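Structure data (compact mmCIF, C-alpha atoms) from target.txt:
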```
# COMPACT_ATOMS: atom_id res chain seq x y z
CA MET A 30 5.36 13.63 31.10
CA PHE A 31 1.99 15.19 31.85
CA ASP A 32 -0.23 14.46 34.81
CA PRO A 33 -2.12 11.31 33.74
CA LYS A 34 -5.18 12.22 35.79
CA ILE A 35 -5.64 15.54 34.01
CA ILE A 36 -5.33 13.86 30.63
CA ILE A 37 -7.60 10.92 31.54
CA ASP A 38 -10.29 13.14 33.04
CA LEU A 39 -10.24 15.33 29.93
CA LEU A 40 -10.48 12.35 27.59
CA ALA A 41 -13.24 10.73 29.64
CA GLU A 42 -15.29 13.91 29.73
CA ASN A 43 -14.88 14.31 25.96
CA VAL A 44 -15.93 10.70 25.35
CA ARG A 45 -18.96 11.14 27.58
CA ARG A 46 -19.97 14.39 25.85
CA THR A 47 -19.17 13.68 22.20
CA GLY A 48 -18.34 9.99 21.89
CA ASN A 49 -14.66 10.58 21.07
CA PRO A 50 -11.66 11.53 23.21
CA PHE A 51 -11.06 14.85 21.47
CA GLY A 52 -14.45 16.42 22.05
CA LEU A 53 -14.97 16.84 18.32
CA SER A 54 -18.38 16.41 16.76
CA THR A 55 -18.83 13.10 15.00
CA GLY A 56 -19.81 14.91 11.82
CA SER A 57 -16.55 16.86 11.78
CA ILE A 58 -14.35 13.75 11.90
CA ASN A 59 -16.40 11.14 10.08
CA GLY A 60 -17.12 12.41 6.59
CA TRP A 61 -15.03 9.98 4.54
CA TRP A 62 -18.09 7.98 3.38
CA LYS A 63 -19.91 10.90 1.82
CA GLY A 64 -20.16 10.46 -1.90
CA ALA A 65 -18.89 6.87 -1.72
CA ASP A 66 -22.33 5.43 -2.36
CA LEU A 67 -21.84 2.59 0.11
CA PRO A 68 -24.67 0.12 0.73
CA ARG A 69 -26.70 0.60 3.90
CA GLN A 70 -27.83 -3.01 3.99
CA GLY A 71 -25.56 -6.03 4.11
CA ALA A 72 -24.63 -9.17 6.02
CA ASN A 73 -21.68 -7.44 7.72
CA LEU A 74 -21.48 -3.93 9.11
CA LEU A 75 -18.27 -2.01 8.49
CA PHE A 76 -17.39 -0.55 11.89
CA THR A 77 -14.38 1.76 11.57
CA GLY A 78 -14.15 2.59 15.28
CA MET A 79 -13.10 6.13 14.23
CA MET A 80 -9.43 5.46 14.90
CA TYR A 81 -8.23 6.38 11.42
CA GLN A 82 -10.52 9.41 11.40
CA MET A 83 -8.99 10.60 14.67
CA VAL A 84 -5.39 10.48 13.45
CA PRO A 85 -5.46 14.15 12.34
CA ALA A 86 -6.54 15.15 15.86
CA ILE A 87 -4.03 12.76 17.43
CA ASN A 88 -1.25 14.33 15.38
CA ALA A 89 -2.40 17.83 16.28
CA ALA A 90 -2.73 17.03 19.99
CA THR A 91 0.59 15.17 20.13
CA GLY A 92 2.32 18.04 18.37
CA LEU A 93 0.90 20.59 20.80
CA LEU A 94 1.57 18.46 23.87
CA GLY A 95 5.09 17.77 22.65
CA LYS A 96 5.87 21.49 22.58
CA TYR A 97 4.97 21.86 26.25
CA GLU A 98 6.24 18.61 27.72
CA ASP A 99 8.99 19.12 30.29
CA THR A 100 8.94 22.90 29.82
CA PRO A 101 8.03 25.51 32.47
CA ALA A 102 4.66 25.92 30.73
CA GLY A 103 4.23 22.16 30.80
CA ASP A 104 5.03 22.13 34.50
CA ARG A 105 2.25 24.63 35.12
CA ILE A 106 -0.12 22.30 33.31
CA ARG A 107 1.23 19.39 35.28
CA PHE A 108 0.93 21.01 38.67
CA GLY A 109 -1.86 23.44 37.99
CA ARG A 110 -4.40 20.61 37.84
CA ARG A 111 -6.32 22.30 35.07
CA VAL A 112 -7.13 21.25 31.58
CA PRO A 113 -4.72 22.81 29.11
CA ARG A 114 -6.61 25.17 26.83
CA PHE A 115 -4.62 24.11 23.80
CA LEU A 116 -6.32 20.71 24.01
CA SER A 117 -9.77 22.19 23.45
CA ALA A 118 -11.80 20.81 20.58
CA ALA A 119 -11.81 24.15 18.79
CA VAL A 120 -8.02 24.42 18.83
CA LEU A 121 -7.57 20.80 17.77
CA LYS A 122 -10.00 21.23 14.92
CA MET A 123 -8.01 24.19 13.63
CA ALA A 124 -4.70 22.40 14.12
CA THR A 125 -5.57 19.27 12.15
CA ALA A 126 -3.76 19.02 8.85
CA LYS A 127 -5.76 18.72 5.67
CA GLU A 128 -3.40 16.08 4.31
CA ASP A 129 -3.92 13.99 7.46
CA ARG A 130 -7.68 14.15 6.96
CA SER A 131 -7.31 13.14 3.31
CA ALA A 132 -4.98 10.28 4.19
CA ALA A 133 -7.40 8.90 6.79
CA ALA A 134 -10.30 9.07 4.36
CA GLY A 135 -8.10 7.41 1.73
CA VAL A 136 -7.38 4.41 3.95
CA LEU A 137 -11.06 3.83 4.65
CA MET A 138 -11.98 4.19 1.00
CA ASP A 139 -9.25 1.71 0.10
CA ILE A 140 -10.67 -0.75 2.63
CA THR A 141 -14.13 -0.50 1.06
CA ARG A 142 -12.52 -1.18 -2.34
CA ILE A 143 -10.79 -4.26 -0.95
CA LEU A 144 -14.05 -5.56 0.51
CA GLN A 145 -15.86 -4.92 -2.76
CA ALA A 146 -13.10 -6.57 -4.79
CA SER A 147 -13.27 -9.56 -2.45
CA GLY A 148 -17.00 -9.92 -2.92
CA VAL A 149 -17.79 -9.26 0.73
CA ASP A 150 -21.42 -8.41 1.45
CA PHE A 151 -21.12 -5.37 3.69
CA ALA A 152 -22.95 -2.21 4.69
CA TYR A 153 -21.87 1.08 6.15
CA ARG A 154 -24.19 3.08 8.36
CA PRO A 155 -22.41 6.11 9.81
CA GLU A 156 -25.00 6.55 12.55
CA LEU A 157 -23.98 3.13 13.94
CA ASP A 158 -20.23 3.72 13.66
CA GLY A 159 -18.41 4.99 16.72
CA TYR A 160 -15.32 5.07 18.86
CA SER A 161 -14.89 1.92 20.98
CA GLY A 162 -13.52 3.74 24.03
CA ILE A 163 -10.34 1.67 24.02
CA LEU A 164 -8.03 4.51 25.09
CA LEU A 165 -9.94 4.88 28.35
CA TYR A 166 -9.50 1.17 29.00
CA ASP A 167 -5.78 1.27 28.25
CA LEU A 168 -5.32 4.28 30.51
CA GLY A 169 -6.96 2.47 33.41
CA ASP A 170 -10.33 4.26 33.36
CA ARG A 171 -12.37 1.08 33.23
CA GLU A 172 -15.47 2.71 34.70
CA ASN A 173 -15.81 5.29 31.93
CA PHE A 174 -14.80 2.75 29.29
CA ILE A 175 -17.65 0.46 30.35
CA ALA A 176 -20.16 3.30 30.38
CA HIS A 177 -19.17 4.28 26.84
CA ALA A 178 -18.94 0.70 25.56
CA ARG A 179 -22.48 0.02 26.78
CA ARG A 180 -23.77 3.01 24.80
CA VAL A 181 -21.99 1.82 21.62
CA ALA A 182 -23.02 -1.81 22.10
CA GLY A 183 -26.59 -0.80 22.87
CA ARG A 184 -26.82 1.11 19.60
CA LEU A 185 -25.54 -1.87 17.62
CA GLN A 186 -27.73 -4.37 19.43
CA GLU A 187 -30.80 -2.22 18.92
CA ALA A 188 -30.06 -2.19 15.20
CA GLY A 189 -29.72 -5.98 15.22
CA VAL A 190 -26.06 -5.98 14.16
CA GLU A 191 -24.41 -9.36 14.64
CA ARG A 192 -21.42 -9.26 12.31
CA LEU A 193 -18.85 -6.49 12.29
CA ILE A 194 -15.90 -5.74 10.03
CA THR A 195 -13.15 -3.78 11.74
CA VAL A 196 -10.21 -1.87 10.34
CA ASP A 197 -7.76 -1.37 13.21
CA PRO A 198 -6.30 -3.59 15.95
CA HIS A 199 -7.44 -1.57 18.95
CA THR A 200 -11.10 -1.55 17.95
CA THR A 201 -10.90 -5.21 16.92
CA TRP A 202 -9.57 -6.23 20.31
CA ALA A 203 -12.09 -4.06 22.15
CA LEU A 204 -15.02 -5.57 20.26
CA ARG A 205 -13.78 -9.15 20.34
CA GLU A 206 -12.50 -9.31 23.89
CA LEU A 207 -13.73 -6.40 25.98
CA TYR A 208 -17.28 -5.81 24.75
CA PRO A 209 -18.39 -9.39 25.45
CA ARG A 210 -16.83 -9.18 28.91
CA TYR A 211 -18.14 -5.77 29.93
CA THR A 212 -21.31 -5.24 27.90
CA GLY A 213 -22.56 -8.74 27.09
CA TYR A 214 -22.64 -7.85 23.40
CA ARG A 215 -21.02 -10.68 21.44
CA PRO A 216 -20.93 -9.88 17.75
CA GLU A 217 -18.85 -11.81 15.26
CA VAL A 218 -15.89 -9.51 14.64
CA ARG A 219 -13.48 -9.87 11.76
CA THR A 220 -10.90 -7.53 10.35
CA TYR A 221 -11.18 -6.48 6.71
CA PHE A 222 -8.01 -8.39 5.85
CA GLU A 223 -9.42 -11.61 7.28
CA LEU A 224 -12.24 -11.29 4.75
CA ALA A 225 -10.13 -10.10 1.81
CA ARG A 226 -9.67 -12.54 -1.06
CA LEU A 227 -7.14 -11.10 -3.50
CA GLN A 228 -4.57 -12.65 -5.78
CA GLY A 229 -1.98 -11.12 -8.04
CA ASN A 230 1.46 -11.34 -9.52
CA GLY A 231 3.38 -8.69 -7.68
CA ASP A 232 7.03 -9.43 -7.12
CA ARG A 233 8.31 -7.34 -4.29
CA GLU A 234 9.30 -7.42 -0.67
CA VAL A 235 8.05 -5.15 2.10
CA THR A 236 8.62 -4.73 5.82
CA LEU A 237 5.40 -5.36 7.71
CA HIS A 238 5.22 -3.96 11.23
CA ASP A 239 2.95 -6.05 13.44
CA PRO A 240 0.98 -3.90 15.87
CA CYS A 241 0.89 -5.28 19.40
CA PHE A 242 -2.83 -5.98 19.31
CA TYR A 243 -2.81 -7.88 16.01
CA GLY A 244 0.51 -9.60 16.63
CA ARG A 245 0.31 -10.47 20.30
CA TYR A 246 -3.18 -9.99 21.72
CA LEU A 247 -5.14 -11.33 18.73
CA GLU A 248 -2.42 -13.44 17.09
CA LEU A 249 -3.41 -12.42 13.57
CA SER A 250 0.05 -11.74 12.14
CA GLN A 251 -0.06 -14.58 9.70
CA VAL A 252 -3.31 -13.45 8.05
CA PRO A 253 -1.98 -10.35 6.25
CA ARG A 254 1.21 -12.23 5.35
CA THR A 255 -0.80 -14.97 3.68
CA LEU A 256 -2.91 -12.38 1.90
CA LEU A 257 0.19 -10.54 0.69
CA ALA A 258 1.79 -13.82 -0.40
CA GLY A 259 -1.25 -14.38 -2.61
CA LEU A 260 -0.43 -11.08 -4.25
CA GLY A 261 3.18 -12.07 -4.72
CA VAL A 262 4.36 -9.76 -1.95
CA ARG A 263 6.90 -11.16 0.49
CA CYS A 264 7.42 -9.82 4.00
CA ALA A 265 11.03 -9.31 5.03
CA ASP A 266 12.15 -10.83 8.31
CA VAL A 267 12.03 -8.27 11.08
CA ASN A 268 13.75 -8.42 14.41
CA SER A 269 10.73 -8.77 16.74
CA ALA A 270 7.60 -9.75 14.86
CA GLY A 271 4.34 -11.63 15.29
CA PRO A 272 3.59 -12.45 18.95
CA PHE A 273 6.93 -10.92 19.92
CA THR A 274 6.59 -7.70 17.96
CA SER A 275 7.99 -4.48 19.42
CA CYS A 276 5.69 -1.62 20.31
CA CYS A 277 5.69 1.46 18.07
CA GLY A 278 5.47 3.72 21.13
CA GLY A 279 2.24 5.35 20.02
CA PRO A 280 0.16 4.45 23.09
CA ALA A 281 2.27 6.82 25.20
CA GLU A 282 1.47 9.83 23.04
CA SER A 283 -1.34 11.17 25.23
CA VAL A 284 0.76 11.45 28.39
CA SER A 285 4.30 11.71 27.00
CA PRO A 286 4.95 12.51 23.35
CA ALA A 287 8.68 12.40 24.12
CA LEU A 288 8.47 8.82 25.36
CA ALA A 289 6.33 7.85 22.37
CA LEU A 290 8.98 9.29 20.08
CA THR A 291 11.86 7.56 21.85
CA VAL A 292 10.21 4.15 21.60
CA GLY A 293 9.07 4.86 18.05
CA ARG A 294 12.58 5.71 16.88
CA ARG A 295 13.93 2.52 18.40
CA ARG A 296 11.31 0.42 16.64
CA LEU A 297 11.82 2.28 13.39
CA ALA A 298 15.52 1.41 13.46
CA GLU A 299 14.62 -2.29 13.70
CA LEU A 300 12.19 -2.00 10.82
CA GLN A 301 14.51 0.01 8.60
CA ALA A 302 17.25 -2.58 8.98
CA THR A 303 15.52 -4.64 6.27
CA GLY A 304 15.92 -1.86 3.70
CA ARG A 305 12.41 -2.58 2.38
CA PRO A 306 9.37 -0.27 2.18
CA LEU A 307 7.58 -0.07 5.49
CA VAL A 308 3.93 -1.12 5.82
CA THR A 309 1.69 -0.76 8.87
CA MET A 310 -1.88 -1.83 9.61
CA CYS A 311 -2.70 0.31 12.62
CA PRO A 312 -3.41 4.06 12.59
CA ILE A 313 -1.58 4.58 15.89
CA CYS A 314 1.55 2.76 14.66
CA HIS A 315 1.35 4.57 11.33
CA ALA A 316 1.14 8.00 12.96
CA ASN A 317 3.86 7.40 15.53
CA LEU A 318 6.33 5.81 13.12
CA ARG A 319 5.77 8.75 10.79
CA ARG A 320 6.52 11.14 13.65
CA ALA A 321 9.69 9.10 14.22
CA GLY A 322 10.68 9.84 10.64
CA ALA A 323 9.34 6.86 8.69
CA ASP A 324 8.06 6.86 5.16
CA VAL A 325 5.24 4.41 5.73
CA MET A 326 2.31 2.94 3.82
CA ASP A 327 -0.90 1.47 5.20
CA LEU A 328 -1.58 -2.18 4.37
CA SER A 329 -4.83 -1.19 2.67
CA ALA A 330 -2.97 1.01 0.17
CA LEU A 331 -0.62 -1.83 -0.70
CA LEU A 332 -3.51 -4.23 -1.23
CA VAL A 333 -5.56 -1.83 -3.31
CA ARG A 334 -2.60 -1.02 -5.50
CA PHE A 335 -2.82 -4.54 -6.91
CA THR A 336 -6.57 -4.37 -7.22
CA ARG A 337 -6.31 -1.16 -9.21
CA SER A 338 -3.45 -2.29 -11.41
CA GLY A 339 -5.33 -5.35 -12.57
CA GLU A 340 -2.92 -7.69 -10.85
CA ASN A 341 -5.85 -8.96 -8.82
CA SER A 342 -6.66 -11.51 -11.45
CA GLN A 343 -8.53 -14.07 -9.43
CA LYS A 344 -11.12 -12.95 -6.98
CA ARG A 345 -13.04 -15.30 -4.88
CA ALA A 346 -16.45 -14.29 -3.64
CA GLU A 347 -17.23 -14.79 0.01
CA MET B 6 8.40 4.29 56.72
CA THR B 7 6.98 1.63 54.43
CA VAL B 8 4.28 -0.53 55.95
CA VAL B 9 4.27 -4.09 54.62
CA SER B 10 0.80 -5.44 54.03
CA PRO B 11 0.63 -8.95 52.53
CA GLU B 12 -3.16 -8.72 52.19
CA PHE B 13 -2.81 -5.84 49.72
CA ALA B 14 -2.88 -8.27 46.78
CA GLU B 15 -6.38 -9.23 47.93
CA GLU B 16 -7.41 -5.58 47.95
CA LEU B 17 -6.21 -5.23 44.36
CA LYS B 18 -8.50 -8.00 43.10
CA GLU B 19 -11.22 -5.41 42.59
CA TYR B 20 -9.00 -3.70 40.02
CA GLY B 21 -7.64 -6.60 38.01
CA ASP B 22 -6.21 -10.07 37.83
CA ASP B 23 -4.74 -11.56 40.99
CA THR B 24 -1.44 -12.81 39.60
CA ALA B 25 1.22 -10.72 41.34
CA LEU B 26 2.10 -13.47 43.78
CA GLN B 27 3.05 -15.73 40.86
CA CYS B 28 6.01 -13.45 40.15
CA PHE B 29 9.41 -14.62 41.45
CA ASN B 30 11.18 -11.42 40.41
CA CYS B 31 13.31 -12.91 37.67
CA GLY B 32 13.45 -9.61 35.79
CA THR B 33 12.48 -10.91 32.36
CA CYS B 34 9.80 -8.22 32.20
CA VAL B 35 12.38 -5.52 32.87
CA ALA B 36 14.71 -6.88 30.23
CA ILE B 37 11.99 -7.06 27.58
CA CYS B 38 10.10 -3.83 28.37
CA PRO B 39 10.49 -1.24 25.59
CA LEU B 40 10.71 1.53 28.17
CA VAL B 41 14.26 0.47 29.06
CA ASP B 42 13.78 1.53 32.64
CA ASP B 43 16.08 -0.30 35.00
CA SER B 44 13.31 -1.57 37.24
CA PHE B 45 9.97 -1.27 35.45
CA PRO B 46 7.64 -3.13 35.88
CA ARG B 47 9.29 -5.48 38.37
CA ARG B 48 9.64 -2.85 41.10
CA LEU B 49 5.92 -2.13 41.12
CA ILE B 50 5.05 -5.81 41.13
CA ARG B 51 7.34 -6.26 44.12
CA TYR B 52 5.48 -3.42 45.85
CA VAL B 53 2.23 -5.29 45.24
CA GLN B 54 3.68 -8.49 46.69
CA ILE B 55 4.73 -6.83 49.92
CA GLY B 56 1.73 -4.53 50.02
CA ALA B 57 3.71 -1.30 49.83
CA ARG B 58 0.60 0.77 49.14
CA GLU B 59 2.20 4.13 49.84
CA ARG B 60 5.13 3.44 47.54
CA ILE B 61 2.76 2.49 44.74
CA LEU B 62 0.83 5.71 45.18
CA ALA B 63 4.05 7.71 45.41
CA SER B 64 5.32 6.34 42.12
CA GLY B 65 1.87 6.14 40.56
CA ARG B 66 2.66 8.39 37.62
CA ASP B 67 5.29 5.92 36.34
CA LEU B 68 2.49 3.45 35.64
CA TRP B 69 1.31 5.53 32.70
CA LYS B 70 4.63 5.12 30.94
CA CYS B 71 3.49 1.54 30.33
CA LEU B 72 2.42 1.15 26.71
CA HIS B 73 0.19 -1.85 27.48
CA CYS B 74 2.06 -3.57 24.66
CA GLY B 75 1.86 -6.94 26.43
CA LEU B 76 5.40 -8.08 25.67
CA CYS B 77 6.16 -8.63 29.37
CA SER B 78 3.08 -10.79 29.78
CA ARG B 79 3.96 -12.78 26.69
CA THR B 80 7.44 -13.57 27.94
CA CYS B 81 6.81 -14.00 31.67
CA PRO B 82 8.02 -17.48 32.66
CA ARG B 83 5.59 -17.58 35.58
CA GLN B 84 2.48 -16.38 33.71
CA ALA B 85 2.26 -13.60 36.26
CA ASP B 86 0.93 -11.32 33.52
CA PRO B 87 2.88 -8.18 34.47
CA GLY B 88 1.07 -6.07 31.85
CA GLU B 89 -2.30 -6.79 33.43
CA ILE B 90 -0.89 -6.15 36.91
CA ILE B 91 0.24 -2.72 35.74
CA LEU B 92 -3.17 -2.07 34.18
CA GLY B 93 -4.81 -3.05 37.48
CA LEU B 94 -2.48 -0.69 39.32
CA LYS B 95 -3.43 2.13 36.96
CA ARG B 96 -7.07 1.55 37.92
CA TYR B 97 -6.18 1.44 41.62
CA VAL B 98 -4.09 4.62 41.53
CA LEU B 99 -6.59 6.49 39.35
CA ALA B 100 -9.36 5.60 41.79
CA ALA B 101 -7.20 6.84 44.68
CA TRP B 102 -6.45 10.10 42.86
CA ARG B 103 -10.12 10.62 42.15
CA GLU B 104 -10.99 10.08 45.80
CA GLU B 105 -8.53 12.78 46.88
```
Please rewrite the model in this file as structure tokens.
Amino acid sequence: MFDPKIIIDLLAENVRRTGNPFGLSTGSINGWWKGADLPRQGANLLFTGMMYQMVPAINAATGLLGKYEDTPAGDRIRFGRRVPRFLSAAVLKMATAKEDRSAAAGVLMDITRILQASGVDFAYRPELDGYSGILLYDLGDRENFIAHARRVAGRLQEAGVERLITVDPHTTWALRELYPRYTGYRPEVRTYFELARLQGNGDREVTLHDPCFYGRYLELSQVPRTLLAGLGVRCADVNSAGPFTSCCGGPAESVSPALALTVGRRRLAELQATGRPLVTMCPICHANLRRAGADVMDLSALLVRFTRSGENSQKRAE
Amino acid sequence: MTVVSPEFAEELKEYGDDTALQCFNCGTCVAICPLVDDSFPRRLIRYVQIGARERILASGRDLWKCLHCGLCSRTCPRQADPGEIILGLKRYVLAAWREE
């Protein structure tokens, strides 16, 4: 385990400087929308929260941290009270995998297809998109979380945004619960799958892993299940689901990749017991279960598969 | 020597919810916690109850093993909200580290 203070101070400084915990320029991580010809005006603003876009950097950082954890070099980082050079933005940028970047962009493109197929009136404006700051909150750095959240909320308020569509549980929770409490900004926040209206004739069964924030904090587990049922997709019973879902372990990755992996492997064993294909709906869960050895698909990919194959026979406009 | 300070829970209010005194140490949170540590988070909540400030600071790093998954809070029979207590302790310890 690394010294939490060193990690938190590094992440907070990066968020303050660049708006994301890795110190990467927004342009370098948020290019998925280019060429997608997405509308800039609409009743709802798609707010990705940058979590999917950061997965390549998360994977790179976790891989690098994992090599040093509980090693003599790691001890020097732990006790040296200095920021490890291998966590610099330049190194992380070089270490991100091209396939990770493509996968993240693919999820977000799939989500826009789902919204379009569902007849949702939405816009995407990259200059208004941003990281929610949720990691700082979870790590106990409330002061820096609030400072960042006020910047993000201020930008959205200034643009007159009142309705947001989110794509991951952490950003959804931050915007629904924390932003009203700490910034006074109270937009209507809905996840893309709450707005999706898809029907089809698929006949299959999958294993859906509920992330803690959708399953427990926001109690949204039934929404994707209902949506999948409309597509003919059944969700296998999992030991620990819904409000009592088990954590994927991912949240520990910044201070202890080993712990994240231990918890992830334990959860993966529960999920694999069903023998069905594994589906996630959170970028952190997806990345950590993959590191634990899972072959895993994002919910958006499963949904869009039906849309593409023509099985989405009855669409209902919003 | 550990100094017992019952008013410590009051001091912690600045950092989070004041629910630690609801806990009657049943251990449900320990049993359900995915960390599978034999005393987490109950031990730290007990430290809050008795105001063992120095012990909390001494074992401060353990707090960041918490995944903030919320399962302990969901299952707590006393609604003591152990997950939020741990989050409040993270804030308290981080503030203490930053003051050093």
Define the interface residues of chain A facing chain B as those within 8 Å, counting all atoms listed in the file, and report them as JSON, numbers by chain.
{"A": [32, 33, 34, 167, 168, 169, 170, 171, 241, 242, 245, 246, 272, 273, 274, 275, 276, 278, 279, 280, 281, 284, 285, 288, 292]}
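Between atom CA of A:Met310 and atom CA of B:Ala36 the separation is 26.9 Å.
Rounded to one decimal, atom CA of A:Met79 and atom CA of A:Gly95 lie 23.2 Å from each other.
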Could you put an axis-aligned box around every listed atom of stretch 57-64 of chain B, padded by 5 Å on each side, and send me its centre and edge lengths in Å to one decimal, as JSON?
```
{"center_x": 3.0, "center_y": 3.2, "center_z": 46.0, "size_x": 14.7, "size_y": 19.0, "size_z": 17.7}
```
Show me, as a PDB file with C-alpha atoms, in the frame of the given file, the residues that have an atom within 7 Å of A:Arg192 when counting only C-alpha atoms, minus same-chain residues fewer than 2 positions from it.
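After the write, out.pdb holds the following:
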```pdb
ATOM      1  CA  ASN A  73     -21.680  -7.440   7.720  1.00  0.00           C
ATOM      2  CA  LEU A  74     -21.480  -3.930   9.110  1.00  0.00           C
ATOM      3  CA  VAL A 190     -26.060  -5.980  14.160  1.00  0.00           C
ATOM      4  CA  ILE A 194     -15.900  -5.740  10.030  1.00  0.00           C
ATOM      5  CA  PRO A 216     -20.930  -9.880  17.750  1.00  0.00           C
ATOM      6  CA  GLU A 217     -18.850 -11.810  15.260  1.00  0.00           C
ATOM      7  CA  VAL A 218     -15.890  -9.510  14.640  1.00  0.00           C
TER       8      VAL A 218
END
```
Just how far from atom CA of A:Val84 is atom CA of A:Ser117, in Å to one decimal?
16.0 Å
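If all atoms listed in the file are the atoms counted, then among A:Lys122, A:Lys127, A:Arg154, A:Arg294 the closest residue to A:Lys63 is A:Arg154.
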So that I can see what lies close to A:Leu137, please list as a PyMOL selection string the residues with an atom at most 10 Å from it, counting all atoms listed in the file and leaving out residues fewer than 2 positions away in the same chain.
chain A and resi 61-62+77+81-82+132-135+139-143+196+329-330
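Ranking B:Ala63, B:Leu49, B:Ala14, B:Ala101 by their shortest atom-to-atom distance to B:Gly32, with all atoms listed in the file included, puts B:Leu49 first.
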Residues at most 12 Å from A:Leu300, counting only C-alpha atoms, excluding those fewer than 2 positions away in the same chain, as a compact mmCIF listing (two decimals) with C-alpha atoms, in the frame of the given file?
```txt
# COMPACT_ATOMS: atom_id res chain seq x y z
CA VAL A 235 8.05 -5.15 2.10
CA THR A 236 8.62 -4.73 5.82
CA LEU A 237 5.40 -5.36 7.71
CA HIS A 238 5.22 -3.96 11.23
CA ASP A 239 2.95 -6.05 13.44
CA CYS A 264 7.42 -9.82 4.00
CA ALA A 265 11.03 -9.31 5.03
CA ASP A 266 12.15 -10.83 8.31
CA VAL A 267 12.03 -8.27 11.08
CA ASN A 268 13.75 -8.42 14.41
CA SER A 269 10.73 -8.77 16.74
CA ALA A 270 7.60 -9.75 14.86
CA THR A 274 6.59 -7.70 17.96
CA SER A 275 7.99 -4.48 19.42
CA CYS A 276 5.69 -1.62 20.31
CA CYS A 277 5.69 1.46 18.07
CA GLY A 293 9.07 4.86 18.05
CA ARG A 294 12.58 5.71 16.88
CA ARG A 295 13.93 2.52 18.40
CA ARG A 296 11.31 0.42 16.64
CA LEU A 297 11.82 2.28 13.39
CA ALA A 298 15.52 1.41 13.46
CA ALA A 302 17.25 -2.58 8.98
CA THR A 303 15.52 -4.64 6.27
CA GLY A 304 15.92 -1.86 3.70
CA ARG A 305 12.41 -2.58 2.38
CA PRO A 306 9.37 -0.27 2.18
CA LEU A 307 7.58 -0.07 5.49
CA VAL A 308 3.93 -1.12 5.82
CA THR A 309 1.69 -0.76 8.87
CA LEU A 318 6.33 5.81 13.12
CA ALA A 321 9.69 9.10 14.22
CA GLY A 322 10.68 9.84 10.64
CA ALA A 323 9.34 6.86 8.69
CA ASP A 324 8.06 6.86 5.16
CA VAL A 325 5.24 4.41 5.73
```
Any idea what's packed within 12 Å of A:Asp158, counting all atoms listed in the file, ignoring anything in its chain fewer than 4 positions away? Could you give it as a ChimeraX atom specification?
/A:48-49,55-56,58-60,62,74-80,82,152-154,180-182,184-185,188,190,193-196,200
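Non-sequential neighbours of B:Glu16 (distance at most 12 Å, separation of 5 or more positions within a chain, all atoms listed in the file) are B:Ser10, B:Pro11, B:Gly21, B:Asp22, B:Asp23, B:Val53, B:Gln54, B:Gly56, B:Arg58, B:Gly93, B:Leu94, B:Tyr97.
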